[in-house]
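Enquirer: So I've got this file, target11.pdb, and it contains PDB, C-alpha atoms and all ligand atoms:
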```pdb
MODEL        1
ATOM      1  CA  MET E 980      31.499 -15.020  43.355  1.00  0.00           C
ATOM      2  CA  ARG E 981      30.737 -11.483  44.518  1.00  0.00           C
ATOM      3  CA  THR E 982      33.113 -10.088  47.084  1.00  0.00           C
ATOM      4  CA  HIS E 983      33.315  -6.619  48.457  1.00  0.00           C
ATOM      5  CA  TYR E 984      36.689  -5.320  49.549  1.00  0.00           C
ATOM      6  CA  GLY E 985      36.523  -2.500  51.996  1.00  0.00           C
ATOM      7  CA  ILE E 986      40.254  -2.130  52.089  1.00  0.00           C
ATOM      8  CA  SER E 987      42.569  -3.876  49.683  1.00  0.00           C
ATOM      9  CA  ARG E 988      45.448  -6.028  50.941  1.00  0.00           C
ATOM     10  CA  GLU E 989      47.884  -3.262  50.208  1.00  0.00           C
ATOM     11  CA  GLY E 990      45.740  -1.257  52.611  1.00  0.00           C
ATOM     12  CA  SER E 991      46.159   1.863  50.568  1.00  0.00           C
ATOM     13  CA  SER E 992      42.710   2.631  49.310  1.00  0.00           C
ATOM     14  CA  SER E 993      39.160   1.475  49.328  1.00  0.00           C
ATOM     15  CA  ILE E 994      38.016  -0.343  46.238  1.00  0.00           C
ATOM     16  CA  SER E 995      34.831  -2.145  45.502  1.00  0.00           C
ATOM     17  CA  SER E 996      34.871  -4.797  42.921  1.00  0.00           C
ATOM     18  CA  SER E 997      32.849  -7.776  41.767  1.00  0.00           C
ATOM     19  CA  SER E 998      34.090 -11.284  41.059  1.00  0.00           C
ATOM     20  CA  VAL E 999      37.461 -10.605  42.618  1.00  0.00           C
ATOM     21  CA  ASP E1000      39.174 -13.115  44.886  1.00  0.00           C
ATOM     22  CA  ALA E1001      42.562 -11.430  45.087  1.00  0.00           C
ATOM     23  CA  PRO E1002      43.472  -7.755  45.205  1.00  0.00           C
ATOM     24  CA  THR E1003      43.440  -6.137  41.793  1.00  0.00           C
ATOM     25  CA  PRO E1004      46.998  -6.119  40.450  1.00  0.00           C
ATOM     26  CA  ARG E1005      48.651  -2.964  39.221  1.00  0.00           C
ATOM     27  CA  CYS E1006      50.157  -2.840  35.757  1.00  0.00           C
ATOM     28  CA  HIS E1007      53.663  -1.540  35.027  1.00  0.00           C
ATOM     29  CA  CYS E1008      52.156   1.947  34.909  1.00  0.00           C
ATOM     30  CA  GLY E1009      51.297   1.612  38.612  1.00  0.00           C
ATOM     31  CA  VAL E1010      47.559   1.783  37.951  1.00  0.00           C
ATOM     32  CA  ARG E1011      45.040  -0.868  38.960  1.00  0.00           C
ATOM     33  CA  SER E1012      44.317  -3.123  35.995  1.00  0.00           C
ATOM     34  CA  PRO E1013      40.777  -3.432  34.756  1.00  0.00           C
ATOM     35  CA  ILE E1014      39.459  -6.877  33.870  1.00  0.00           C
ATOM     36  CA  ARG E1015      39.073  -7.428  30.140  1.00  0.00           C
ATOM     37  CA  THR E1016      37.807 -10.323  28.061  1.00  0.00           C
ATOM     38  CA  ALA E1017      39.957 -12.124  25.514  1.00  0.00           C
ATOM     39  CA  TRP E1018      38.253 -13.484  22.412  1.00  0.00           C
ATOM     40  CA  LYS E1019      41.109 -14.343  20.089  1.00  0.00           C
ATOM     41  CA  CYS E1020      42.692 -17.057  22.196  1.00  0.00           C
ATOM     42  CA  ASP E1021      42.331 -20.792  22.886  1.00  0.00           C
ATOM     43  CA  TYR E1022      39.597 -20.051  25.420  1.00  0.00           C
ATOM     44  CA  PRO E1023      37.469 -17.246  23.974  1.00  0.00           C
ATOM     45  CA  GLY E1024      35.717 -15.324  26.717  1.00  0.00           C
ATOM     46  CA  ARG E1025      38.538 -15.893  29.246  1.00  0.00           C
ATOM     47  CA  ARG E1026      39.093 -12.754  31.276  1.00  0.00           C
ATOM     48  CA  PHE E1027      42.413 -11.134  32.080  1.00  0.00           C
ATOM     49  CA  TYR E1028      43.972  -8.141  33.726  1.00  0.00           C
ATOM     50  CA  GLY E1029      45.398  -5.699  31.248  1.00  0.00           C
ATOM     51  CA  CYS E1030      46.885  -2.241  31.298  1.00  0.00           C
ATOM     52  CA  SER E1031      44.411   0.514  32.129  1.00  0.00           C
ATOM     53  CA  GLY E1032      45.824   2.499  29.215  1.00  0.00           C
ATOM     54  CA  TYR E1033      44.882  -0.231  26.730  1.00  0.00           C
ATOM     55  CA  GLY E1034      43.752   1.260  23.458  1.00  0.00           C
ATOM     56  CA  THR E1035      45.669   4.501  24.051  1.00  0.00           C
ATOM     57  CA  SER E1036      49.270   5.431  23.375  1.00  0.00           C
ATOM     58  CA  ARG E1037      50.057   5.192  27.118  1.00  0.00           C
ATOM     59  CA  LYS E1038      49.926   1.435  27.595  1.00  0.00           C
ATOM     60  CA  CYS E1039      52.327  -1.149  28.959  1.00  0.00           C
ATOM     61  CA  SER E1040      52.694  -4.860  28.253  1.00  0.00           C
ATOM     62  CA  PHE E1041      51.210  -6.044  31.576  1.00  0.00           C
ATOM     63  CA  PHE E1042      49.133  -9.195  31.247  1.00  0.00           C
ATOM     64  CA  GLN E1043      47.725 -11.590  33.811  1.00  0.00           C
ATOM     65  CA  TRP E1044      44.873 -14.060  33.464  1.00  0.00           C
ATOM     66  CA  TYR E1045      41.897 -13.408  35.731  1.00  0.00           C
ATOM     67  CA  ASP E1046      39.998 -16.623  34.998  1.00  0.00           C
ATOM     68  CA  PRO E1047      41.826 -19.893  35.691  1.00  0.00           C
ATOM     69  CA  GLU E1048      42.709 -22.049  32.697  1.00  0.00           C
ATOM     70  CA  PRO E1049      39.518 -23.922  31.775  1.00  0.00           C
ATOM     71  CA  PRO E1050      39.541 -27.651  30.957  1.00  0.00           C
ATOM     72  CA  PRO E1051      40.373 -28.355  27.261  1.00  0.00           C
ATOM     73  CA  ARG E1052      36.767 -29.440  26.617  1.00  0.00           C
ATOM     74  CA  TYR E1053      35.662 -25.845  27.286  1.00  0.00           C
ATOM     75  CA  SER E1054      37.764 -24.676  24.359  1.00  0.00           C
ATOM     76  CA  ASP E1055      36.035 -27.159  22.008  1.00  0.00           C
ATOM     77  CA  VAL E1056      32.560 -26.188  23.224  1.00  0.00           C
ATOM     78  CA  ILE E1057      33.257 -22.468  22.877  1.00  0.00           C
ATOM     79  CA  ARG E1058      34.797 -22.968  19.438  1.00  0.00           C
ATOM     80  CA  ARG E1059      31.732 -24.927  18.331  1.00  0.00           C
ATOM     81  CA  PHE E1060      29.479 -22.131  19.600  1.00  0.00           C
ATOM     82  CA  LEU E1061      31.534 -19.529  17.769  1.00  0.00           C
ATOM     83  CA  GLU E1062      31.404 -21.594  14.565  1.00  0.00           C
ATOM     84  CA  ALA E1063      27.621 -21.957  14.922  1.00  0.00           C
ATOM     85  CA  ASN E1064      27.380 -18.215  15.482  1.00  0.00           C
ATOM     86  CA  GLU E1065      29.504 -17.602  12.396  1.00  0.00           C
ATOM     87  CA  GLY E1066      27.189 -19.918  10.437  1.00  0.00           C
ATOM     88  CA  ILE E1067      24.141 -17.989  11.599  1.00  0.00           C
ATOM     89  CA  ARG E1068      25.828 -14.710  10.739  1.00  0.00           C
ATOM     90  CA  SER E1069      26.704 -15.790   7.197  1.00  0.00           C
ATOM     91  CA  GLU E1070      23.198 -17.227   6.756  1.00  0.00           C
ATOM     92  CA  ASN E1071      21.828 -13.868   7.875  1.00  0.00           C
ATOM     93  CA  THR E1072      24.052 -12.086   5.349  1.00  0.00           C
ATOM     94  CA  GLU E1073      22.805 -14.484   2.667  1.00  0.00           C
ATOM     95  CA  LEU E1074      19.181 -13.794   3.651  1.00  0.00           C
ATOM     96  CA  LYS E1075      19.773 -10.044   3.535  1.00  0.00           C
ATOM     97  CA  LYS E1076      21.246 -10.438   0.039  1.00  0.00           C
ATOM     98  CA  THR E1077      18.265 -12.509  -1.119  1.00  0.00           C
ATOM     99  CA  ARG E1078      15.882  -9.948   0.394  1.00  0.00           C
ATOM    100  CA  GLN E1079      17.639  -7.144  -1.486  1.00  0.00           C
ATOM    101  CA  GLU E1080      17.472  -9.143  -4.738  1.00  0.00           C
ATOM    102  CA  LEU E1081      13.763  -9.763  -4.220  1.00  0.00           C
ATOM    103  CA  LEU E1082      13.183  -6.066  -3.498  1.00  0.00           C
ATOM    104  CA  ASP E1083      15.057  -5.135  -6.694  1.00  0.00           C
ATOM    105  CA  GLU E1084      12.993  -7.630  -8.676  1.00  0.00           C
ATOM    106  CA  LEU E1085       9.788  -6.288  -7.125  1.00  0.00           C
ATOM    107  CA  ARG E1086      10.801  -2.733  -8.045  1.00  0.00           C
ATOM    108  CA  SER E1087      11.519  -3.841 -11.607  1.00  0.00           C
ATOM    109  CA  LEU E1088       8.148  -5.639 -11.824  1.00  0.00           C
ATOM    110  CA  GLN E1089       6.420  -2.528 -10.449  1.00  0.00           C
ATOM    111  CA  HIS E1090       8.125  -0.476 -13.155  1.00  0.00           C
ATOM    112  CA  THR E1091       7.023  -2.920 -15.877  1.00  0.00           C
ATOM    113  CA  LEU E1092       3.506  -2.904 -14.462  1.00  0.00           C
ATOM    114  CA  ASP E1093       3.414   0.924 -14.542  1.00  0.00           C
ATOM    115  CA  GLU E1094       4.577   0.910 -18.163  1.00  0.00           C
ATOM    116  CA  THR E1095       2.041  -1.767 -19.119  1.00  0.00           C
ATOM    117  CA  ARG E1096      -0.724   0.181 -17.401  1.00  0.00           C
ATOM    118  CA  ALA E1097       0.242   3.349 -19.303  1.00  0.00           C
ATOM    119  CA  ASP E1098       0.256   1.400 -22.605  1.00  0.00           C
ATOM    120  CA  LEU E1099      -3.110  -0.136 -21.781  1.00  0.00           C
ATOM    121  CA  GLU E1100      -4.627   3.246 -20.906  1.00  0.00           C
ATOM    122  CA  ALA E1101      -3.332   4.677 -24.204  1.00  0.00           C
ATOM    123  CA  ALA E1102      -4.787   1.700 -26.101  1.00  0.00           C
ATOM    124  CA  ILE E1103      -8.137   2.071 -24.334  1.00  0.00           C
ATOM    125  CA  SER E1104      -8.364   5.780 -25.109  1.00  0.00           C
ATOM    126  CA  ALA E1105      -7.393   5.113 -28.773  1.00  0.00           C
ATOM    127  CA  SER E1106     -10.036   2.376 -28.933  1.00  0.00           C
ATOM    128  CA  THR E1107     -12.655   4.687 -27.402  1.00  0.00           C
ATOM    129  CA  ALA E1108     -11.856   7.367 -29.995  1.00  0.00           C
ATOM    130  CA  MET E1109     -12.129   4.769 -32.764  1.00  0.00           C
ATOM    131  CA  GLU E1110     -15.505   3.582 -31.405  1.00  0.00           C
ATOM    132  CA  ASP E1111     -16.749   7.183 -31.279  1.00  0.00           C
ATOM    133  CA  ASN E1112     -15.703   7.639 -34.919  1.00  0.00           C
ATOM    134  CA  MET E1113     -17.431   4.411 -35.926  1.00  0.00           C
ATOM    135  CA  LEU E1114     -20.643   5.401 -34.123  1.00  0.00           C
ATOM    136  CA  ALA E1115     -20.544   8.805 -35.787  1.00  0.00           C
ATOM    137  CA  SER E1116     -19.957   7.133 -39.141  1.00  0.00           C
ATOM    138  CA  VAL E1117     -22.848   4.676 -38.574  1.00  0.00           C
ATOM    139  CA  ALA E1118     -25.148   7.585 -37.650  1.00  0.00           C
ATOM    140  CA  THR E1119     -24.135   9.465 -40.806  1.00  0.00           C
ATOM    141  CA  THR E1120     -24.720   6.369 -42.959  1.00  0.00           C
ATOM    142  CA  ARG E1121     -28.144   5.811 -41.351  1.00  0.00           C
ATOM    143  CA  ARG E1122     -29.089   9.467 -41.984  1.00  0.00           C
ATOM    144  CA  ARG E1123     -27.998   9.074 -45.597  1.00  0.00           C
ATOM    145  CA  GLY E1124     -30.044   5.846 -45.842  1.00  0.00           C
ATOM    146  CA  VAL E1125     -33.125   7.605 -44.551  1.00  0.00           C
ATOM    147  CA  LEU E1126     -32.546  10.524 -46.948  1.00  0.00           C
ATOM    148  CA  ILE E1127     -32.128   8.165 -49.943  1.00  0.00           C
ATOM    149  CA  THR E1128     -35.281   6.239 -48.979  1.00  0.00           C
ATOM    150  CA  VAL E1129     -37.213   9.487 -48.749  1.00  0.00           C
ATOM    151  CA  LEU E1130     -35.864  10.662 -52.136  1.00  0.00           C
ATOM    152  CA  ILE E1131     -36.720   7.346 -53.811  1.00  0.00           C
ATOM    153  CA  SER E1132     -40.229   7.503 -52.290  1.00  0.00           C
ATOM    154  CA  VAL E1133     -40.684  11.042 -53.591  1.00  0.00           C
ATOM    155  CA  ILE E1134     -39.456   9.992 -57.066  1.00  0.00           C
ATOM    156  CA  ILE E1135     -41.819   7.001 -57.120  1.00  0.00           C
ATOM    157  CA  LEU E1136     -44.720   9.201 -56.022  1.00  0.00           C
ATOM    158  CA  LEU E1137     -43.858  11.776 -58.699  1.00  0.00           C
ATOM    159  CA  VAL E1138     -43.517   9.107 -61.446  1.00  0.00           C
ATOM    160  CA  PHE E1139     -46.593   6.996 -60.677  1.00  0.00           C
ATOM    161  CA  TYR E1140     -49.084   9.477 -59.267  1.00  0.00           C
ATOM    162  CA  ARG E1141     -48.888  12.312 -61.753  1.00  0.00           C
TER     163      ARG E1141
HETATM  164 ZN    ZN E1201      50.048  -0.131  32.198  1.00  0.00          ZN
ENDMDL
END
```
In structure tokens, write the structure found in this file.
Ligand SMILES: [Zn+2]

Expert:
Amino acid sequence: MRTHYGISREGSSSISSSSVDAPTPRCHCGVRSPIRTAWKCDYPGRRFYGCSGYGTSRKCSFFQWYDPEPPPRYSDVIRRFLEANEGIRSENTELKKTRQELLDELRSLQHTLDETRADLEAAISASTAMEDNMLASVATTRRRGVLITVLISVIILLVFYR
């Protein structure tokens, strides 16, 4: 419910506030209490009036529920929601862990792949050098073969056609 208070019941000052049925109470410090939400209680999400100095060193012990006490069923429903939320959160943490593990594995595989590629390139260049040597050797042998054939022919010519 949205209500606008021009003048509070104390008639002292003008306040505008939402979801307020009664005038905002003042805490022991004499300051109007802001509405806060309680989570660690039987009815998580139930709102209350607390000291305006909450969270600072200047705070008093003032406490007053803003929301009425909900039916007990509400507590069960909220608790179940919070448990489900906790489940989702831990599942999310688990997924993040798995993702990190997969990323690490991928990085490791990438590293192995880089190493393998370097080895392969070295092997290919060694093989190319070996092939070049073999080709050179084959060419030399062929030249020698031709030379020997020519020499033998010359010898035969010299022996038989004198
Ligand atoms: Zn106070």

Enquirer: List every residue of chain E that has an atom at most 6 Å from any atom of ligand ZN 1201 (chain E), giving for each one its closest atom pair and the distance in Å to one decimal, counting only C-alpha atoms and all ligand atoms, sorted by chain and then by ascending residue number, as a Markdown table.

Expert:
```
| residue | atom | partner | partner_atom | distance |
| --- | --- | --- | --- | --- |
| E:Cys1006 | CA | E:ZN1201 | ZN | 4.5 |
| E:His1007 | CA | E:ZN1201 | ZN | 4.8 |
| E:Cys1008 | CA | E:ZN1201 | ZN | 4.0 |
| E:Cys1030 | CA | E:ZN1201 | ZN | 3.9 |
| E:Ser1031 | CA | E:ZN1201 | ZN | 5.7 |
| E:Gly1032 | CA | E:ZN1201 | ZN | 5.8 |
| E:Lys1038 | CA | E:ZN1201 | ZN | 4.9 |
| E:Cys1039 | CA | E:ZN1201 | ZN | 4.1 |
```

Enquirer: Go ahead and dump the residues you just picked, C-alpha atoms, as an mmCIF file, in the coordinates of the input.

Expert:
```
data_model
loop_
_atom_site.group_PDB
_atom_site.id
_atom_site.type_symbol
_atom_site.label_atom_id
_atom_site.label_comp_id
_atom_site.auth_asym_id
_atom_site.auth_seq_id
_atom_site.Cartn_x
_atom_site.Cartn_y
_atom_site.Cartn_z
ATOM 1 C CA CYS E 1006 50.157 -2.840 35.757
ATOM 2 C CA HIS E 1007 53.663 -1.540 35.027
ATOM 3 C CA CYS E 1008 52.156 1.947 34.909
ATOM 4 C CA CYS E 1030 46.885 -2.241 31.298
ATOM 5 C CA SER E 1031 44.411 0.514 32.129
ATOM 6 C CA GLY E 1032 45.824 2.499 29.215
ATOM 7 C CA LYS E 1038 49.926 1.435 27.595
ATOM 8 C CA CYS E 1039 52.327 -1.149 28.959
#
```

Enquirer: What does the structure give for the distance between atom CA of Ser1040 of chain E and atom CA of Tyr1028 of chain E, in Å to one decimal?

Expert: 10.8 Å

Enquirer: Give me, please, the distance in Å between atom CA of Gln1043 of chain E and atom CA of Ser1012 of chain E, quoted to one decimal.

Expert: 9.4 Å

Enquirer: Please, what distance in Å, to one decimal, runs between atom CA of Thr1003 of chain E and atom CA of Tyr1053 of chain E?

Expert: 25.7 Å

Enquirer: Using all atoms listed in the file, which residue out of E:Ile1057, E:Leu1126, E:Ile1014, E:Ala1108 lies closest to Tyr1045 of chain E?

Expert: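 Ranking E:Ile1057, E:Leu1126, E:Ile1014, E:Ala1108 by distance to Tyr1045 of chain E, first place goes to E:Ile1014.
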
Enquirer: Starting from the displayed file, determine the output of the PyMOL selection byres (((chain E and resi 1017) around 12) and not hetatm) and express the residue list as number ranges by chain.

Expert: E: 1014-1016, 1018-1029, 1042-1046

Enquirer: Output as JSON the centre and edge lengths (Å, one decimal) of the box along x, y and z of the file that holds every listed atom of segment 1109-1121 of chain E after adding 4 Å on each side.

Expert:
```
{"center_x": -20.1, "center_y": 6.5, "center_z": -37.1, "size_x": 24.0, "size_y": 13.9, "size_z": 19.7}
```

Enquirer: Regenerate segment 1074-1089 of chain E at the level of N, CA and C atoms and dump it as a PDB file, keeping the file's coordinate frame.

Expert:
```pdb
ATOM      1  N   LEU E1074      20.607 -14.155   3.650  1.00  0.00           N
ATOM      2  CA  LEU E1074      19.181 -13.794   3.651  1.00  0.00           C
ATOM      3  C   LEU E1074      18.988 -12.331   3.293  1.00  0.00           C
ATOM      4  N   LYS E1075      19.869 -11.485   3.836  1.00  0.00           N
ATOM      5  CA  LYS E1075      19.773 -10.044   3.535  1.00  0.00           C
ATOM      6  C   LYS E1075      19.980  -9.810   2.042  1.00  0.00           C
ATOM      7  N   LYS E1076      20.948 -10.573   1.465  1.00  0.00           N
ATOM      8  CA  LYS E1076      21.246 -10.438   0.039  1.00  0.00           C
ATOM      9  C   LYS E1076      20.019 -10.851  -0.784  1.00  0.00           C
ATOM     10  N   THR E1077      19.454 -12.000  -0.421  1.00  0.00           N
ATOM     11  CA  THR E1077      18.265 -12.509  -1.119  1.00  0.00           C
ATOM     12  C   THR E1077      17.122 -11.507  -1.020  1.00  0.00           C
ATOM     13  N   ARG E1078      16.948 -10.932   0.172  1.00  0.00           N
ATOM     14  CA  ARG E1078      15.882  -9.948   0.394  1.00  0.00           C
ATOM     15  C   ARG E1078      16.072  -8.755  -0.529  1.00  0.00           C
ATOM     16  N   GLN E1079      17.332  -8.298  -0.635  1.00  0.00           N
ATOM     17  CA  GLN E1079      17.639  -7.144  -1.486  1.00  0.00           C
ATOM     18  C   GLN E1079      17.341  -7.482  -2.945  1.00  0.00           C
ATOM     19  N   GLU E1080      17.726  -8.722  -3.359  1.00  0.00           N
ATOM     20  CA  GLU E1080      17.472  -9.143  -4.738  1.00  0.00           C
ATOM     21  C   GLU E1080      15.978  -9.172  -5.021  1.00  0.00           C
ATOM     22  N   LEU E1081      15.219  -9.701  -4.051  1.00  0.00           N
ATOM     23  CA  LEU E1081      13.763  -9.763  -4.220  1.00  0.00           C
ATOM     24  C   LEU E1081      13.160  -8.361  -4.311  1.00  0.00           C
ATOM     25  N   LEU E1082      13.672  -7.450  -3.476  1.00  0.00           N
ATOM     26  CA  LEU E1082      13.183  -6.066  -3.498  1.00  0.00           C
ATOM     27  C   LEU E1082      13.471  -5.420  -4.847  1.00  0.00           C
ATOM     28  N   ASP E1083      14.690  -5.677  -5.387  1.00  0.00           N
ATOM     29  CA  ASP E1083      15.057  -5.135  -6.694  1.00  0.00           C
ATOM     30  C   ASP E1083      14.117  -5.663  -7.773  1.00  0.00           C
ATOM     31  N   GLU E1084      13.859  -6.987  -7.684  1.00  0.00           N
ATOM     32  CA  GLU E1084      12.993  -7.630  -8.676  1.00  0.00           C
ATOM     33  C   GLU E1084      11.580  -7.041  -8.595  1.00  0.00           C
ATOM     34  N   LEU E1085      11.116  -6.850  -7.356  1.00  0.00           N
ATOM     35  CA  LEU E1085       9.788  -6.288  -7.125  1.00  0.00           C
ATOM     36  C   LEU E1085       9.696  -4.883  -7.724  1.00  0.00           C
ATOM     37  N   ARG E1086      10.763  -4.097  -7.521  1.00  0.00           N
ATOM     38  CA  ARG E1086      10.801  -2.733  -8.045  1.00  0.00           C
ATOM     39  C   ARG E1086      10.737  -2.758  -9.573  1.00  0.00           C
ATOM     40  N   SER E1087      11.492  -3.703 -10.150  1.00  0.00           N
ATOM     41  CA  SER E1087      11.519  -3.841 -11.607  1.00  0.00           C
ATOM     42  C   SER E1087      10.139  -4.243 -12.139  1.00  0.00           C
ATOM     43  N   LEU E1088       9.491  -5.199 -11.423  1.00  0.00           N
ATOM     44  CA  LEU E1088       8.148  -5.639 -11.824  1.00  0.00           C
ATOM     45  C   LEU E1088       7.157  -4.482 -11.726  1.00  0.00           C
ATOM     46  N   GLN E1089       7.295  -3.695 -10.655  1.00  0.00           N
ATOM     47  CA  GLN E1089       6.420  -2.528 -10.449  1.00  0.00           C
ATOM     48  C   GLN E1089       6.560  -1.558 -11.620  1.00  0.00           C
TER      49      GLN E1089
END
```
